[in-house]
file protein.cif (mmCIF, C-alpha atoms (C1' of nucleotides))
data_target
loop_
_atom_site.label_atom_id
_atom_site.label_comp_id
_atom_site.auth_asym_id
_atom_site.auth_seq_id
_atom_site.Cartn_x
_atom_site.Cartn_y
_atom_site.Cartn_z
CA MET A 1 -14.12 -27.99 28.12
CA GLU A 2 -17.77 -28.54 27.45
CA LYS A 3 -19.66 -25.75 25.79
CA LEU A 4 -19.09 -22.14 26.65
CA ASP A 5 -21.90 -20.50 28.52
CA ASP A 6 -23.28 -17.08 27.90
CA THR A 7 -20.93 -15.41 30.38
CA ASP A 8 -17.88 -16.90 28.66
CA LEU A 9 -19.07 -15.58 25.32
CA LYS A 10 -19.67 -12.14 26.76
CA ILE A 11 -16.16 -12.08 28.19
CA LEU A 12 -14.71 -13.08 24.82
CA ARG A 13 -16.71 -10.40 23.04
CA ILE A 14 -15.38 -7.78 25.42
CA LEU A 15 -11.76 -8.90 25.24
CA GLN A 16 -11.62 -9.13 21.46
CA LYS A 17 -12.79 -5.52 21.36
CA ASN A 18 -10.48 -4.25 24.09
CA SER A 19 -8.13 -6.50 25.98
CA LYS A 20 -7.18 -3.72 28.42
CA LYS A 21 -10.50 -3.96 30.20
CA THR A 22 -9.79 -5.03 33.75
CA THR A 23 -11.46 -8.00 35.36
CA LYS A 24 -13.16 -5.53 37.64
CA GLU A 25 -14.66 -3.57 34.76
CA ILE A 26 -15.82 -6.73 33.06
CA ALA A 27 -17.26 -7.93 36.37
CA GLU A 28 -19.33 -4.77 36.65
CA MET A 29 -20.60 -5.12 33.11
CA LEU A 30 -21.74 -8.66 33.84
CA ASN A 31 -22.92 -8.11 37.41
CA LEU A 32 -20.31 -10.37 38.93
CA THR A 33 -17.16 -9.96 41.00
CA ALA A 34 -13.61 -9.99 39.72
CA SER A 35 -12.71 -13.51 40.89
CA PRO A 36 -15.02 -15.56 38.71
CA ILE A 37 -14.13 -13.36 35.72
CA TYR A 38 -10.47 -13.95 36.43
CA GLU A 39 -10.96 -17.70 36.63
CA ARG A 40 -13.00 -17.81 33.45
CA ILE A 41 -10.44 -15.81 31.51
CA LYS A 42 -7.65 -18.13 32.68
CA ARG A 43 -9.71 -21.10 31.58
CA LEU A 44 -10.39 -19.53 28.19
CA GLU A 45 -6.67 -18.88 27.76
CA ASN A 46 -5.64 -22.36 28.83
CA LYS A 47 -8.17 -24.07 26.61
CA GLY A 48 -6.98 -22.03 23.65
CA TYR A 49 -10.13 -20.03 23.01
CA ILE A 50 -7.96 -16.95 23.50
CA LYS A 51 -4.86 -17.38 21.38
CA LYS A 52 -2.96 -14.24 22.24
CA TYR A 53 -3.12 -10.59 23.21
CA VAL A 54 -1.71 -8.08 20.78
CA ALA A 55 -1.43 -4.36 20.12
CA LEU A 56 -2.79 -3.28 16.74
CA LEU A 57 -0.63 -0.62 15.14
CA ASP A 58 -1.40 2.11 12.66
CA LYS A 59 -0.24 1.09 9.18
CA VAL A 60 -0.19 4.60 7.80
CA GLN A 61 1.74 6.24 10.64
CA LEU A 62 4.23 3.39 10.57
CA ASN A 63 4.98 3.80 6.88
CA ASN A 64 3.08 0.84 5.56
CA PRO A 65 0.20 2.58 3.79
CA ILE A 66 0.10 0.27 0.77
CA THR A 67 -1.79 -3.01 1.00
CA ALA A 68 -1.68 -5.42 -1.90
CA ILE A 69 -3.63 -8.59 -2.49
CA CYS A 70 -1.59 -10.95 -4.57
CA MET A 71 -3.06 -14.04 -6.21
CA VAL A 72 -0.65 -16.80 -7.02
CA SER A 73 -1.05 -20.08 -8.84
CA LEU A 74 1.60 -22.75 -8.99
CA ARG A 75 2.70 -24.55 -12.10
CA TYR A 76 2.99 -27.92 -10.39
CA HIS A 77 0.98 -29.06 -7.42
CA ASN A 78 2.83 -31.96 -5.80
CA GLU A 79 2.89 -32.03 -2.03
CA GLY A 80 6.54 -31.11 -2.06
CA PHE A 81 5.98 -28.03 -4.17
CA ILE A 82 3.24 -26.74 -1.94
CA ASP A 83 5.29 -27.22 1.23
CA THR A 84 8.27 -25.54 -0.36
CA PHE A 85 6.13 -22.61 -1.41
CA GLU A 86 4.70 -22.33 2.11
CA ASN A 87 8.16 -22.17 3.64
CA GLN A 88 9.43 -19.62 1.17
CA ILE A 89 6.42 -17.38 1.75
CA LYS A 90 6.76 -17.58 5.51
CA ALA A 91 10.27 -16.22 5.20
CA LEU A 92 8.98 -13.03 3.61
CA LYS A 93 8.30 -10.57 6.42
CA GLU A 94 6.24 -8.30 4.21
CA VAL A 95 3.54 -10.97 3.84
CA GLN A 96 0.89 -10.58 6.50
CA GLU A 97 -1.40 -13.38 5.42
CA CYS A 98 -1.20 -16.34 3.09
CA TYR A 99 -4.10 -18.67 2.36
CA HIS A 100 -4.17 -21.83 0.33
CA MET A 101 -7.41 -21.58 -1.61
CA ALA A 102 -9.99 -23.66 -3.37
CA GLY A 103 -11.00 -21.68 -6.41
CA LYS A 104 -9.50 -20.11 -9.49
CA VAL A 105 -6.13 -19.38 -7.91
CA ASP A 106 -4.05 -21.42 -5.48
CA PHE A 107 -3.02 -18.73 -2.98
CA PHE A 108 -4.09 -15.37 -1.68
CA LEU A 109 -1.41 -13.19 -0.14
CA LYS A 110 -1.91 -9.94 1.72
CA ILE A 111 1.15 -7.76 1.65
CA ASN A 112 1.98 -4.46 3.35
CA MET A 113 4.43 -1.98 1.89
CA ASP A 114 5.58 1.57 2.20
CA SER A 115 5.21 2.33 -1.51
CA LEU A 116 4.37 0.94 -4.90
CA GLU A 117 8.04 1.07 -5.80
CA SER A 118 8.82 -1.18 -2.86
CA TYR A 119 6.13 -3.54 -4.05
CA HIS A 120 7.70 -3.58 -7.46
CA GLU A 121 11.04 -4.47 -5.89
CA PHE A 122 9.38 -7.05 -3.69
CA VAL A 123 7.84 -8.84 -6.66
CA ARG A 124 10.95 -8.48 -8.77
CA LEU A 125 13.49 -9.56 -6.17
CA LYS A 126 11.61 -11.88 -3.85
CA LEU A 127 8.33 -13.27 -5.16
CA SER A 128 9.49 -13.96 -8.69
CA LYS A 129 12.55 -15.72 -7.29
CA ILE A 130 10.27 -18.43 -5.96
CA GLU A 131 10.28 -21.39 -8.29
CA ASN A 132 7.14 -22.87 -9.68
CA ILE A 133 4.93 -19.80 -9.71
CA GLY A 134 2.71 -19.96 -12.77
CA VAL A 135 0.35 -17.04 -12.36
CA LEU A 136 0.88 -13.92 -10.28
CA GLU A 137 -1.70 -11.17 -10.24
CA SER A 138 -1.66 -8.15 -7.92
CA SER A 139 -4.50 -5.88 -6.83
CA PHE A 140 -4.10 -2.84 -4.61
CA VAL A 141 -6.31 -1.65 -1.83
CA LEU A 142 -7.72 1.79 -2.59
CA LYS A 143 -9.52 2.03 0.68
CA GLU A 144 -9.84 -0.20 3.69
CA MET A 145 -13.57 0.10 4.09
CA TYR A 146 -13.78 -2.19 7.05
CA SER A 147 -11.37 -4.37 8.94
CA THR A 148 -11.59 -6.12 12.27
CA THR A 149 -9.94 -8.96 14.12
CA GLU A 150 -13.18 -9.72 15.93
CA LEU A 151 -15.10 -12.89 15.34
CA TYR A 152 -18.87 -12.80 15.16
CA ILE A 153 -19.68 -14.95 18.15
CA MET B 1 5.65 13.52 17.32
CA GLU B 2 8.81 13.65 15.29
CA LYS B 3 10.26 10.40 14.14
CA LEU B 4 10.22 7.33 16.31
CA ASP B 5 13.57 6.29 17.61
CA ASP B 6 14.90 2.80 17.84
CA THR B 7 13.56 2.24 21.35
CA ASP B 8 10.04 3.19 20.28
CA LEU B 9 10.18 0.72 17.42
CA LYS B 10 11.43 -2.02 19.69
CA ILE B 11 8.56 -1.39 22.09
CA LEU B 12 6.05 -1.55 19.23
CA ARG B 13 7.53 -4.79 17.95
CA ILE B 14 7.19 -6.33 21.38
CA LEU B 15 3.63 -5.14 21.98
CA GLN B 16 2.30 -6.24 18.61
CA LYS B 17 3.57 -9.72 19.39
CA ASN B 18 2.34 -9.81 22.96
CA SER B 19 0.55 -6.92 24.59
CA LYS B 20 0.61 -8.61 28.00
CA LYS B 21 4.30 -7.93 28.43
CA THR B 22 4.70 -5.64 31.42
CA THR B 23 6.64 -2.40 31.33
CA LYS B 24 9.11 -4.04 33.65
CA GLU B 25 9.72 -6.96 31.31
CA ILE B 26 10.11 -4.66 28.35
CA ALA B 27 12.47 -2.52 30.38
CA GLU B 28 14.69 -5.50 31.07
CA MET B 29 14.73 -6.45 27.40
CA LEU B 30 15.85 -2.95 26.47
CA ASN B 31 18.15 -2.30 29.42
CA LEU B 32 16.04 0.50 30.83
CA THR B 33 13.77 1.00 33.83
CA ALA B 34 10.01 0.82 33.78
CA SER B 35 9.38 4.57 33.89
CA PRO B 36 10.65 5.58 30.44
CA ILE B 37 8.96 2.52 28.92
CA TYR B 38 5.71 3.52 30.53
CA GLU B 39 6.00 7.08 29.25
CA ARG B 40 6.87 5.98 25.75
CA ILE B 41 3.97 3.57 25.56
CA LYS B 42 1.57 6.28 26.69
CA ARG B 43 2.96 8.58 24.04
CA LEU B 44 2.65 5.90 21.36
CA GLU B 45 -0.97 5.35 22.38
CA ASN B 46 -1.82 9.04 22.46
CA LYS B 47 -0.23 9.74 19.10
CA GLY B 48 -2.17 6.88 17.56
CA TYR B 49 0.73 4.59 16.69
CA ILE B 50 -0.99 2.01 18.87
CA LYS B 51 -4.62 1.85 17.83
CA LYS B 52 -5.96 -0.69 20.27
CA TYR B 53 -5.28 -3.77 22.33
CA VAL B 54 -7.25 -6.89 21.50
CA ALA B 55 -7.51 -10.58 22.27
CA LEU B 56 -7.23 -12.84 19.23
CA LEU B 57 -9.62 -15.76 19.42
CA ASP B 58 -9.53 -19.22 17.92
CA LYS B 59 -11.79 -19.41 14.88
CA VAL B 60 -12.07 -23.17 14.90
CA GLN B 61 -12.91 -23.62 18.58
CA LEU B 62 -15.45 -20.83 18.31
CA ASN B 63 -17.30 -22.45 15.45
CA ASN B 64 -16.09 -20.25 12.63
CA PRO B 65 -13.81 -22.67 10.78
CA ILE B 66 -14.80 -21.58 7.28
CA THR B 67 -13.14 -18.54 5.75
CA ALA B 68 -14.29 -17.28 2.38
CA ILE B 69 -12.79 -14.64 0.15
CA CYS B 70 -15.52 -13.04 -1.88
CA MET B 71 -14.82 -10.82 -4.85
CA VAL B 72 -17.51 -8.36 -5.77
CA SER B 73 -17.89 -5.96 -8.66
CA LEU B 74 -20.60 -3.36 -8.88
CA ARG B 75 -22.72 -2.71 -11.94
CA TYR B 76 -22.66 1.07 -11.51
CA HIS B 77 -19.87 3.05 -9.92
CA ASN B 78 -21.28 6.44 -8.89
CA GLU B 79 -20.17 7.81 -5.55
CA GLY B 80 -23.59 7.17 -4.12
CA PHE B 81 -23.55 3.52 -5.10
CA ILE B 82 -20.18 2.93 -3.54
CA ASP B 83 -21.16 4.59 -0.26
CA THR B 84 -24.38 2.63 -0.15
CA PHE B 85 -22.51 -0.58 -0.73
CA GLU B 86 -20.06 0.29 2.03
CA ASN B 87 -22.83 0.89 4.53
CA GLN B 88 -24.65 -2.29 3.63
CA ILE B 89 -21.50 -4.35 3.98
CA LYS B 90 -20.64 -2.84 7.34
CA ALA B 91 -24.00 -4.00 8.63
CA LEU B 92 -23.08 -7.63 7.94
CA LYS B 93 -21.42 -8.98 11.07
CA GLU B 94 -20.02 -12.00 9.27
CA VAL B 95 -17.75 -9.79 7.16
CA GLN B 96 -14.37 -9.38 8.83
CA GLU B 97 -12.70 -7.26 6.17
CA CYS B 98 -13.81 -5.30 3.13
CA TYR B 99 -11.40 -3.55 0.79
CA HIS B 100 -12.16 -1.30 -2.13
CA MET B 101 -9.69 -2.40 -4.77
CA ALA B 102 -7.90 -1.22 -7.86
CA GLY B 103 -7.78 -4.20 -10.17
CA LYS B 104 -10.07 -6.65 -11.86
CA VAL B 105 -12.73 -6.57 -9.17
CA ASP B 106 -14.07 -3.71 -7.08
CA PHE B 107 -14.12 -5.29 -3.62
CA PHE B 108 -12.50 -8.04 -1.64
CA LEU B 109 -14.43 -9.39 1.33
CA LYS B 110 -13.18 -11.81 3.94
CA ILE B 111 -15.97 -13.69 5.61
CA ASN B 112 -16.05 -16.13 8.50
CA MET B 113 -18.69 -18.82 8.85
CA ASP B 114 -19.48 -21.98 10.71
CA SER B 115 -20.25 -23.99 7.59
CA LEU B 116 -20.61 -23.95 3.84
CA GLU B 117 -24.35 -24.14 4.25
CA SER B 118 -24.28 -20.96 6.29
CA TYR B 119 -22.24 -19.34 3.59
CA HIS B 120 -24.82 -20.39 1.05
CA GLU B 121 -27.53 -18.81 3.17
CA PHE B 122 -25.42 -15.74 3.71
CA VAL B 123 -25.00 -15.18 -0.03
CA ARG B 124 -28.59 -16.08 -0.80
CA LEU B 125 -30.24 -14.00 1.91
CA LYS B 126 -27.86 -11.14 2.56
CA LEU B 127 -25.24 -10.49 -0.09
CA SER B 128 -27.48 -11.01 -3.08
CA LYS B 129 -30.03 -8.69 -1.50
CA ILE B 130 -27.63 -5.81 -1.99
CA GLU B 131 -28.55 -3.87 -5.08
CA ASN B 132 -26.08 -3.16 -7.80
CA ILE B 133 -23.82 -6.18 -7.46
CA GLY B 134 -22.68 -7.23 -10.92
CA VAL B 135 -20.14 -9.96 -10.28
CA LEU B 136 -19.81 -12.12 -7.18
CA GLU B 137 -17.19 -14.83 -6.97
CA SER B 138 -16.33 -16.83 -3.88
CA SER B 139 -13.18 -18.74 -3.01
CA PHE B 140 -12.68 -20.78 0.12
CA VAL B 141 -9.64 -21.06 2.31
CA LEU B 142 -8.35 -24.62 2.39
CA LYS B 143 -5.58 -23.80 4.81
CA GLU B 144 -4.47 -20.70 6.58
CA MET B 145 -0.79 -21.06 5.87
CA TYR B 146 0.19 -17.88 7.63
CA SER B 147 -1.62 -15.05 9.29
CA THR B 148 -0.47 -12.27 11.55
CA THR B 149 -1.63 -8.85 12.71
CA GLU B 150 1.98 -7.70 13.02
CA LEU B 151 3.42 -5.05 10.80
CA TYR B 152 6.94 -5.42 9.47
CA ILE B 153 8.54 -2.41 11.13
"C1'" DC C 1 -19.41 -17.97 43.13
"C1'" DT C 2 -17.72 -15.25 47.57
"C1'" DT C 3 -14.39 -13.39 50.67
"C1'" DG C 4 -10.02 -11.84 51.65
"C1'" DA C 5 -5.18 -11.17 51.53
"C1'" DA C 6 -0.43 -11.13 49.46
"C1'" DA C 7 2.23 -9.96 45.29
"C1'" DA C 8 2.77 -7.41 41.29
"C1'" DG C 9 2.21 -3.83 38.14
"C1'" DG C 10 0.33 0.75 36.64
"C1'" DC C 11 0.84 5.31 37.56
"C1'" DG C 12 2.77 9.77 38.76
"C1'" DG C 13 5.70 13.12 41.40
"C1'" DG C 14 10.21 14.81 41.96
"C1'" DG C 15 14.90 14.64 41.02
"C1'" DT C 16 19.41 13.86 38.11
"C1'" DC C 17 22.10 14.27 34.14
"C1'" DG D 1 14.40 15.60 26.89
"C1'" DA D 2 15.13 11.26 28.46
"C1'" DC D 3 16.02 8.57 32.29
"C1'" DC D 4 15.96 6.89 37.30
"C1'" DC D 5 14.02 6.32 42.05
"C1'" DC D 6 10.36 5.68 45.04
"C1'" DG D 7 5.80 5.46 46.97
"C1'" DC D 8 0.70 5.00 46.34
"C1'" DC D 9 -2.98 2.74 44.60
"C1'" DT D 10 -5.25 -0.53 41.65
"C1'" DT D 11 -5.27 -4.91 39.76
"C1'" DT D 12 -3.83 -9.52 39.51
"C1'" DT D 13 -3.51 -13.75 41.49
"C1'" DC D 14 -4.83 -17.43 44.28
"C1'" DA D 15 -6.03 -19.32 48.51
"C1'" DA D 16 -10.18 -21.44 51.29
"C1'" DG D 17 -15.10 -21.94 51.94
#
call {"tool": "encode", "arguments": {"input": "protein.cif", "output": "structure tokens"}}
result
Amino acid sequence: MEKLDDTDLKILRILQKNSKKTTKEIAEMLNLTASPIYERIKRLENKGYIKKYVALLDKVQLNNPITAICMVSLRYHNEGFIDTFENQIKALKEVQECYHMAGKVDFFLKINMDSLESYHEFVRLKLSKIENIGVLESSFVLKEMYSTTELYI
Amino acid sequence: MEKLDDTDLKILRILQKNSKKTTKEIAEMLNLTASPIYERIKRLENKGYIKKYVALLDKVQLNNPITAICMVSLRYHNEGFIDTFENQIKALKEVQECYHMAGKVDFFLKINMDSLESYHEFVRLKLSKIENIGVLESSFVLKEMYSTTELYI
DNA sequence: CTTGAAAAGGCGGGGTC
DNA sequence: GACCCCGCCTTTTCAAG
């Protein structure tokens, strides 16, 4: 697809805020009818601009009130070691995000837990079992000041 | 609401993966009819277990391929300073997440950008304009190895 | 983009166990 | 209290112009 026009961007902005908006509602907001909105959304989905639709759940009510940021550096940095690390991390369901970084540490991990004790067990039983970890430093979120899945587009 | 039962949890697991699943489809997966699924979802929404429904967009295709993690420490830590910082950060649309931390640094910020030059401008013109920042250290994501909005429930 | 029409799903009442 | 059945209405979906 060529470039997105202004209407496409407006649709994306609406849907990343609230994907339950109907094509009709969006059409009214943009002074159009439902059909062109429908077609544009389908196009945006097919071209991959929209990756997926998800429900965002409440961490606290679902017993995951603890968020930890864990910084990890490897001892050795061969390609094989990095791939192995990636696969081992992906197997850990508690890890919500894992980024390979340029900077002081090799990886940032964001981890959700029900308690600090669980985090202790997680590090003791799972993370530290991964070979080749050189440095492991954890920080805990005191307060989620701001968090969104929206892109600034 | 009391505790969630197994059916509620299964519904939440499905919806946080794909919120476009219809009540009918979910009903088939759980060997029920659409009505109880519908009622349960409404209850989960009303009680706040489901916070919102959103479309997740593609960073790269939407010209935000650069993700930075920025660690900030304040010089002074009075209540007023922290609140001021919070409000100033919330005004910056490029910031996707901001966490007040316990650990070496006071805040973690996740920031999306179209380029390193933009990030440079962002730090120069916006972040560094915020009073009271003592330490500011940026790391860049080389590769998003794993990232999900799903909770492990 | 518009019109229009068929199919599907959201929604809600009433009933069963 | 949780589930099932059924009908209405809205929305989705997709033609053709």
call {"tool": "interface_residues", "arguments": {"input": "protein.cif", "of": "chain A", "to": "chain C", "cutoff": "9 Å", "atoms": "all atoms listed in the file", "output": "list in words"}}
result
Leu32, Thr33, Ser35 and Pro36 of chain A
call {"tool": "closest_atom_pairs", "arguments": {"input": "protein.cif", "of": "chain A", "to": "chain D", "cutoff": "10 Å", "atoms": "all atoms listed in the file", "output": "tab-separated table"}}
result
residue	atom	partner	partner_atom	distance
A:Thr22	CA	D:DT11	C1'	7.5
A:Thr23	CA	D:DT11	C1'	8.2
A:Lys24	CA	D:DT11	C1'	8.2
A:Ala34	CA	D:DT11	C1'	9.8
A:Ser35	CA	D:DT13	C1'	9.2
A:Tyr38	CA	D:DT12	C1'	8.6
A:Glu39	CA	D:DT13	C1'	9.7
call {"tool": "resolve_selection", "arguments": {"input": "protein.cif", "expression": "the PyMOL selection byres ((chain A) within 6 of (chain B))", "output": "PyMOL selection string"}}
result
chain A and resi 15-19+49-58+96-103+139-148
call {"tool": "atom_distance", "arguments": {"input": "protein.cif", "atom1": "CA of Glu25 in chain A", "atom2": "CA of Arg43 in chain A"}}
result
18.5 Å
